[in-house]
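Asker: Quick one: the structure is below, and I'll ask about it shortly.
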Amino acid sequence: MPAQLRTSQSEWEAPGRVNLIGEHTDYNEGFVLPFAIAQRTRARGRTRHDGMVRVRSTLAPDHVEFPVTTAPGDVPGWAAYPAGMVWALTGAGCLVPGADLDLDGDLPVGAGLASSAALECSVGAVLADLAGVAIDRTTIARFAQRAENDYVGMPCGLMDQLACMHSQRAHAMLIDTRSAALEPIPLPLADQGLSLIAIDTHARHALVDGEYADRRRQCESAAAALEVRSLRDAGTADLSRLVDPVLRRRARHIVTENDRVLETASLLRSGQVRRIGRLLADSHRSLRDDFQVSCRELDLAVESSLRCGAFGARMIGGGFGGSVIALVDAPHAGRLISTVKSAFAAASLPAPTAYSVVPSSGARRLS
Ligand code: GLA
């Protein structure tokens, strides 16, 4: 890795993301269309010379300390994400001398907004500065994925980390996760009088615990049964060759979702933002019925949004809780939010939190 001037202090911020469409396609080498949101994580680092890393977060009561030689299994809990970045960078020959890291920000954790990728990417960029190594944005994203896969133990794809590092203001990013090729596509919400509302259901998922890994394994089994490298290479005509009904449903979600991403991208390229609503709603149905990663709270948020006149709505992220997005005419956003809240109250569920999300820039150095 090329050298850059080593600094003794560095500060980066990295955003969360909303995925417009393309769910569970990233670990099938498929297409995704996320954008960064304004809410972010900030990491401030200072060099230490004793080979130790100390991390403090405004979200945790206690700081955590570990050596730069940390290995998977050493550090549990939230600090496993920064520790995983130290491990991934060190393993690639980027020698971190030791650091004091302070973390804060306004990105909700566990809301399906990729707070772990934001944490990893902000810490990774700071550590590279302190080590005096120039690492390009895609490589930081790949280190973050490695940290999450092999240190934290969550077998995620690369969407969140690439969105975090590369997003551009007022654009969604079409990502081909096979090649990591990126195409920014304008998403002119305000210009067209539209709002995209994120609704955090406060139902919390535990992705590390199994369901996500199960889906990934099922997709790999379906690809193996079809004798293709990944489900990216399968088409609808192949589905009938899958005799196992569960594998057929999982594969149908991936194949149709990839098509929906490309159709959404082409509608956006010609400025037809309202018309993507139907694809968002179809994506949710496919995630609910074929991929089976939705839950009662997500379905209720989607159904009540659609009943209230949203052009489209869908769950985002891994599923089993977290957030929904709804595309709506801006003047109707308030009414949509109160309708969804009333539906939750009527179902005796805790009140969701809703706010409008704006396509924002990716990670950046603050100092
Ligand atoms: C999580 C993972 C991503 C992706 C989504 C589902 O956010 O981190 O890699 O697989 O779930 O699309």
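Identifiers in this document derive from the order of the structure tokens: chains are assigned A, B, ..., residues are numbered from 1 separately in each chain, and ligands are numbered from 1 in order of occurrence.
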Would you pick out the contacts of segment 307-316 of chain A at 8 Å or less, using only C-alpha atoms, so that residues sharing its chain but fewer than 6 positions from it are not included, and give the list as a ChimeraX atom specification?

Answerer: /A:18-21,23,112,274-281,283-284,294,298-299,322-329,335-336,339

Asker: Would you name the residues within 7 Å of ligand 1, counting only C-alpha atoms and all ligand atoms, and put them as a list in words?

Answerer: Gly22, Glu23, His24, Thr25, Asp26, Tyr27, Gly112, Ala114, Cys156, Gly157, Leu158, Met159, Asp160, Gly317 and Gly318 of chain A

Asker: How would the residues just chosen look if you wrote them out with N, CA and C atoms as a PDB file, in the first residue's frame?

Answerer:
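part_1.pdb written:
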ATOM      1  N   GLY A  22     -32.718  -3.374  -3.876  1.00  0.00           N
ATOM      2  CA  GLY A  22     -31.634  -4.348  -4.100  1.00  0.00           C
ATOM      3  C   GLY A  22     -31.247  -4.968  -2.765  1.00  0.00           C
ATOM      4  N   GLU A  23     -32.180  -5.758  -2.180  1.00  0.00           N
ATOM      5  CA  GLU A  23     -31.938  -6.295  -0.829  1.00  0.00           C
ATOM      6  C   GLU A  23     -31.519  -7.758  -0.900  1.00  0.00           C
ATOM      7  N   HIS A  24     -30.473  -8.081  -0.176  1.00  0.00           N
ATOM      8  CA  HIS A  24     -29.888  -9.425  -0.110  1.00  0.00           C
ATOM      9  C   HIS A  24     -29.284  -9.856  -1.452  1.00  0.00           C
ATOM     10  N   THR A  25     -29.111  -8.921  -2.347  1.00  0.00           N
ATOM     11  CA  THR A  25     -28.483  -9.240  -3.639  1.00  0.00           C
ATOM     12  C   THR A  25     -26.969  -9.108  -3.568  1.00  0.00           C
ATOM     13  N   ASP A  26     -26.446  -8.365  -2.567  1.00  0.00           N
ATOM     14  CA  ASP A  26     -25.001  -8.059  -2.616  1.00  0.00           C
ATOM     15  C   ASP A  26     -24.130  -9.296  -2.416  1.00  0.00           C
ATOM     16  N   TYR A  27     -24.572 -10.244  -1.577  1.00  0.00           N
ATOM     17  CA  TYR A  27     -23.736 -11.449  -1.407  1.00  0.00           C
ATOM     18  C   TYR A  27     -24.060 -12.495  -2.471  1.00  0.00           C
ATOM     19  N   GLY A 112     -31.246  -0.689  10.970  1.00  0.00           N
ATOM     20  CA  GLY A 112     -31.163  -1.111   9.561  1.00  0.00           C
ATOM     21  C   GLY A 112     -30.567  -0.028   8.684  1.00  0.00           C
ATOM     22  N   ALA A 114     -27.197   0.648   8.652  1.00  0.00           N
ATOM     23  CA  ALA A 114     -25.777   0.329   8.451  1.00  0.00           C
ATOM     24  C   ALA A 114     -24.859   1.111   9.396  1.00  0.00           C
ATOM     25  N   CYS A 156     -21.853 -10.472   6.079  1.00  0.00           N
ATOM     26  CA  CYS A 156     -22.509  -9.474   5.223  1.00  0.00           C
ATOM     27  C   CYS A 156     -21.837  -9.375   3.861  1.00  0.00           C
ATOM     28  N   GLY A 157     -22.542  -8.742   2.923  1.00  0.00           N
ATOM     29  CA  GLY A 157     -21.961  -8.408   1.629  1.00  0.00           C
ATOM     30  C   GLY A 157     -21.209  -7.081   1.713  1.00  0.00           C
ATOM     31  N   LEU A 158     -21.042  -6.421   0.555  1.00  0.00           N
ATOM     32  CA  LEU A 158     -20.189  -5.220   0.507  1.00  0.00           C
ATOM     33  C   LEU A 158     -20.996  -3.934   0.289  1.00  0.00           C
ATOM     34  N   MET A 159     -22.334  -4.070   0.208  1.00  0.00           N
ATOM     35  CA  MET A 159     -23.128  -2.878  -0.123  1.00  0.00           C
ATOM     36  C   MET A 159     -22.942  -1.727   0.866  1.00  0.00           C
ATOM     37  N   ASP A 160     -23.094  -2.016   2.164  1.00  0.00           N
ATOM     38  CA  ASP A 160     -23.136  -0.935   3.146  1.00  0.00           C
ATOM     39  C   ASP A 160     -21.825  -0.164   3.157  1.00  0.00           C
ATOM     40  N   GLY A 317     -32.488  -3.104   4.422  1.00  0.00           N
ATOM     41  CA  GLY A 317     -31.456  -3.782   5.213  1.00  0.00           C
ATOM     42  C   GLY A 317     -31.730  -5.269   5.321  1.00  0.00           C
ATOM     43  N   GLY A 318     -31.144  -5.894   6.323  1.00  0.00           N
ATOM     44  CA  GLY A 318     -31.190  -7.342   6.453  1.00  0.00           C
ATOM     45  C   GLY A 318     -32.564  -7.896   6.782  1.00  0.00           C
TER      46      GLY A 318
END

Asker: Identify, with DSSP run on backbone atoms, the residues in segment 26-201 of chain A assigned to strand (DSSP E or B), and express the list as number ranges by chain.

Answerer: A: 31-32, 34-47, 52-57, 64-67, 99-105, 133, 171-176, 181-186, 194-200

Asker: Of the candidates A:Arg252, A:Arg48, A:Arg178, A:Arg42, which shows the shortest atom-to-atom distance to Arg229 of chain A, using only C-alpha atoms?

Answerer: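 Looking only at the distances to Arg229 of chain A, the closest residue turns out to be A:Arg178.
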
Asker: Near Pro359 of chain A, counting only C-alpha atoms, which residues have an atom at most 12 Å away, once you skip same-chain residues fewer than 6 positions from it, shown as an mmCIF file with N, CA, C and O atoms, in the first residue's frame?

Answerer:
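The resulting file, selection17.cif, is reproduced below:
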data_model
loop_
_atom_site.group_PDB
_atom_site.id
_atom_site.type_symbol
_atom_site.label_atom_id
_atom_site.label_comp_id
_atom_site.auth_asym_id
_atom_site.auth_seq_id
_atom_site.Cartn_x
_atom_site.Cartn_y
_atom_site.Cartn_z
ATOM 1 N N PRO A 15 -21.215 8.121 6.916
ATOM 2 C CA PRO A 15 -22.673 8.116 7.034
ATOM 3 C C PRO A 15 -23.290 6.729 7.143
ATOM 4 O O PRO A 15 -22.689 5.726 6.741
ATOM 5 N N GLY A 16 -24.523 6.682 7.616
ATOM 6 C CA GLY A 16 -25.361 5.501 7.448
ATOM 7 C C GLY A 16 -25.904 5.501 6.021
ATOM 8 O O GLY A 16 -25.654 6.421 5.251
ATOM 9 N N ARG A 17 -26.638 4.457 5.675
ATOM 10 C CA ARG A 17 -27.215 4.401 4.328
ATOM 11 C C ARG A 17 -28.658 3.927 4.372
ATOM 12 O O ARG A 17 -29.085 3.241 5.298
ATOM 13 N N VAL A 18 -29.375 4.362 3.351
ATOM 14 C CA VAL A 18 -30.680 3.776 3.058
ATOM 15 C C VAL A 18 -30.495 3.038 1.744
ATOM 16 O O VAL A 18 -29.828 3.548 0.847
ATOM 17 N N ASN A 19 -31.033 1.856 1.629
ATOM 18 C CA ASN A 19 -30.952 1.152 0.356
ATOM 19 C C ASN A 19 -32.272 1.358 -0.375
ATOM 20 O O ASN A 19 -33.313 0.897 0.088
ATOM 21 N N LEU A 20 -32.211 2.076 -1.490
ATOM 22 C CA LEU A 20 -33.440 2.344 -2.245
ATOM 23 C C LEU A 20 -34.049 1.024 -2.715
ATOM 24 O O LEU A 20 -35.236 0.775 -2.546
ATOM 25 N N LEU A 33 -28.773 -0.412 -4.969
ATOM 26 C CA LEU A 33 -28.927 1.013 -5.298
ATOM 27 C C LEU A 33 -29.104 1.842 -4.011
ATOM 28 O O LEU A 33 -30.158 2.430 -3.775
ATOM 29 N N PRO A 34 -28.071 1.899 -3.178
ATOM 30 C CA PRO A 34 -28.201 2.620 -1.911
ATOM 31 C C PRO A 34 -27.810 4.099 -2.027
ATOM 32 O O PRO A 34 -27.270 4.516 -3.055
ATOM 33 N N PHE A 35 -28.070 4.850 -0.980
ATOM 34 C CA PHE A 35 -27.493 6.201 -0.866
ATOM 35 C C PHE A 35 -27.182 6.477 0.601
ATOM 36 O O PHE A 35 -27.817 5.917 1.504
ATOM 37 N N ALA A 36 -26.187 7.349 0.813
ATOM 38 C CA ALA A 36 -25.834 7.739 2.182
ATOM 39 C C ALA A 36 -26.868 8.717 2.704
ATOM 40 O O ALA A 36 -27.470 9.472 1.933
ATOM 41 N N ILE A 37 -27.086 8.706 4.005
ATOM 42 C CA ILE A 37 -28.006 9.665 4.625
ATOM 43 C C ILE A 37 -27.192 10.693 5.423
ATOM 44 O O ILE A 37 -25.973 10.549 5.572
ATOM 45 N N ALA A 38 -27.886 11.719 5.908
ATOM 46 C CA ALA A 38 -27.168 12.795 6.605
ATOM 47 C C ALA A 38 -26.641 12.330 7.970
ATOM 48 O O ALA A 38 -25.621 12.834 8.449
ATOM 49 N N GLN A 39 -27.311 11.363 8.597
ATOM 50 C CA GLN A 39 -26.911 10.893 9.925
ATOM 51 C C GLN A 39 -25.589 10.124 9.819
ATOM 52 O O GLN A 39 -25.441 9.292 8.939
ATOM 53 N N ALA A 163 -21.402 1.941 -0.030
ATOM 54 C CA ALA A 163 -22.299 3.108 0.023
ATOM 55 C C ALA A 163 -21.731 4.156 0.969
ATOM 56 O O ALA A 163 -21.756 5.358 0.683
ATOM 57 N N CYS A 164 -21.206 3.687 2.090
ATOM 58 C CA CYS A 164 -20.661 4.587 3.105
ATOM 59 C C CYS A 164 -19.464 5.374 2.562
ATOM 60 O O CYS A 164 -19.335 6.576 2.770
ATOM 61 N N HIS A 166 -18.541 5.801 -0.783
ATOM 62 C CA HIS A 166 -18.583 6.394 -2.130
ATOM 63 C C HIS A 166 -19.795 7.275 -2.425
ATOM 64 O O HIS A 166 -19.858 7.870 -3.496
ATOM 65 N N SER A 167 -20.792 7.320 -1.546
ATOM 66 C CA SER A 167 -22.033 8.017 -1.927
ATOM 67 C C SER A 167 -21.793 9.479 -2.275
ATOM 68 O O SER A 167 -20.822 10.093 -1.829
ATOM 69 N N GLN A 168 -22.704 10.016 -3.083
ATOM 70 C CA GLN A 168 -22.626 11.425 -3.478
ATOM 71 C C GLN A 168 -23.943 12.118 -3.174
ATOM 72 O O GLN A 168 -25.011 11.517 -3.330
ATOM 73 N N ARG A 169 -23.828 13.383 -2.800
ATOM 74 C CA ARG A 169 -25.008 14.183 -2.472
ATOM 75 C C ARG A 169 -26.025 14.146 -3.625
ATOM 76 O O ARG A 169 -25.623 14.208 -4.800
ATOM 77 N N ALA A 170 -27.285 14.024 -3.314
ATOM 78 C CA ALA A 170 -28.377 14.083 -4.298
ATOM 79 C C ALA A 170 -28.377 12.932 -5.314
ATOM 80 O O ALA A 170 -29.029 13.005 -6.348
ATOM 81 N N HIS A 171 -27.606 11.884 -5.042
ATOM 82 C CA HIS A 171 -27.550 10.735 -5.943
ATOM 83 C C HIS A 171 -27.759 9.430 -5.159
ATOM 84 O O HIS A 171 -27.400 9.339 -3.994
ATOM 85 N N ALA A 172 -28.291 8.431 -5.856
ATOM 86 C CA ALA A 172 -28.186 7.051 -5.367
ATOM 87 C C ALA A 172 -27.027 6.420 -6.140
ATOM 88 O O ALA A 172 -26.645 6.915 -7.210
ATOM 89 N N MET A 173 -26.460 5.356 -5.587
ATOM 90 C CA MET A 173 -25.280 4.755 -6.226
ATOM 91 C C MET A 173 -25.641 3.351 -6.709
ATOM 92 O O MET A 173 -25.926 2.473 -5.896
ATOM 93 N N PRO A 184 -23.144 6.723 -10.109
ATOM 94 C CA PRO A 184 -24.050 7.624 -9.388
ATOM 95 C C PRO A 184 -25.219 8.018 -10.283
ATOM 96 O O PRO A 184 -25.023 8.363 -11.449
ATOM 97 N N ILE A 185 -26.432 7.936 -9.757
ATOM 98 C CA ILE A 185 -27.634 8.264 -10.537
ATOM 99 C C ILE A 185 -28.424 9.335 -9.767
ATOM 100 O O ILE A 185 -28.725 9.144 -8.585
ATOM 101 N N PRO A 186 -28.753 10.451 -10.430
ATOM 102 C CA PRO A 186 -29.462 11.520 -9.714
ATOM 103 C C PRO A 186 -30.764 11.020 -9.082
ATOM 104 O O PRO A 186 -31.495 10.235 -9.696
ATOM 105 N N LEU A 187 -31.017 11.479 -7.860
ATOM 106 C CA LEU A 187 -32.263 11.137 -7.150
ATOM 107 C C LEU A 187 -32.883 12.464 -6.686
ATOM 108 O O LEU A 187 -32.723 12.873 -5.527
ATOM 109 N N PRO A 188 -33.558 13.165 -7.621
ATOM 110 C CA PRO A 188 -33.992 14.547 -7.338
ATOM 111 C C PRO A 188 -35.315 14.582 -6.569
ATOM 112 O O PRO A 188 -36.353 14.965 -7.106
ATOM 113 N N LEU A 189 -35.270 14.185 -5.302
ATOM 114 C CA LEU A 189 -36.504 14.084 -4.516
ATOM 115 C C LEU A 189 -37.163 15.447 -4.348
ATOM 116 O O LEU A 189 -38.309 15.658 -4.752
ATOM 117 N N ALA A 190 -36.427 16.398 -3.769
ATOM 118 C CA ALA A 190 -37.023 17.707 -3.474
ATOM 119 C C ALA A 190 -37.452 18.406 -4.764
ATOM 120 O O ALA A 190 -38.553 18.983 -4.828
ATOM 121 N N SER A 195 -40.806 13.252 -0.949
ATOM 122 C CA SER A 195 -40.036 12.936 0.260
ATOM 123 C C SER A 195 -39.889 11.436 0.361
ATOM 124 O O SER A 195 -40.805 10.688 -0.011
ATOM 125 N N LEU A 196 -38.746 11.021 0.867
ATOM 126 C CA LEU A 196 -38.545 9.619 1.195
ATOM 127 C C LEU A 196 -38.485 9.570 2.720
ATOM 128 O O LEU A 196 -37.608 10.193 3.343
ATOM 129 N N ILE A 197 -39.456 8.878 3.311
ATOM 130 C CA ILE A 197 -39.558 8.838 4.773
ATOM 131 C C ILE A 197 -38.984 7.515 5.265
ATOM 132 O O ILE A 197 -39.366 6.451 4.766
#

Asker: What's the separation between atom CA of Ser221 of chain A and atom CA of Asn28 of chain A, in Å to one decimal place?

Answerer: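 About the pair atom CA of Ser221 of chain A and atom CA of Asn28 of chain A: they are 11.4 Å apart.
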
Asker: In segment 121-203 of chain A, what's helix (DSSP H, G or I) per DSSP? Answer as a ChimeraX atom specification?

Answerer: /A:121-131,137-152,159-166,190-192

Asker: Using only C-alpha atoms, determine which residues lie at most 7 Å from Val55 of chain A, disregarding the query and same-chain residues fewer than 2 positions distant; provide the list as a PyMOL selection string.

Answerer: chain A and resi 53+57+63-65+100-102

Asker: Now that the selection is made, can you save its residues with N, CA and C atoms as an mmCIF file, in the first residue's frame?

Answerer:
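Saved the output as again37.cif:
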data_model
loop_
_atom_site.group_PDB
_atom_site.id
_atom_site.type_symbol
_atom_site.label_atom_id
_atom_site.label_comp_id
_atom_site.auth_asym_id
_atom_site.auth_seq_id
_atom_site.Cartn_x
_atom_site.Cartn_y
_atom_site.Cartn_z
ATOM 1 N N VAL A 53 -4.795 0.056 21.743
ATOM 2 C CA VAL A 53 -5.879 0.888 21.211
ATOM 3 C C VAL A 53 -6.927 1.013 22.306
ATOM 4 N N SER A 57 -16.938 5.456 23.280
ATOM 5 C CA SER A 57 -18.090 5.860 22.473
ATOM 6 C C SER A 57 -19.075 6.577 23.377
ATOM 7 N N HIS A 63 -14.969 2.597 28.406
ATOM 8 C CA HIS A 63 -14.069 2.461 27.265
ATOM 9 C C HIS A 63 -13.563 1.011 27.206
ATOM 10 N N VAL A 64 -13.018 0.641 26.073
ATOM 11 C CA VAL A 64 -12.503 -0.724 25.875
ATOM 12 C C VAL A 64 -11.080 -0.601 25.364
ATOM 13 N N GLU A 65 -10.181 -1.442 25.873
ATOM 14 C CA GLU A 65 -8.778 -1.396 25.445
ATOM 15 C C GLU A 65 -8.337 -2.755 24.933
ATOM 16 N N ASP A 100 -5.746 6.231 20.503
ATOM 17 C CA ASP A 100 -6.925 6.558 21.309
ATOM 18 C C ASP A 100 -8.018 6.976 20.341
ATOM 19 N N LEU A 101 -9.153 6.283 20.367
ATOM 20 C CA LEU A 101 -10.236 6.577 19.419
ATOM 21 C C LEU A 101 -11.473 7.028 20.185
ATOM 22 N N ASP A 102 -12.046 8.158 19.750
ATOM 23 C CA ASP A 102 -13.296 8.645 20.344
ATOM 24 C C ASP A 102 -14.381 8.644 19.288
#
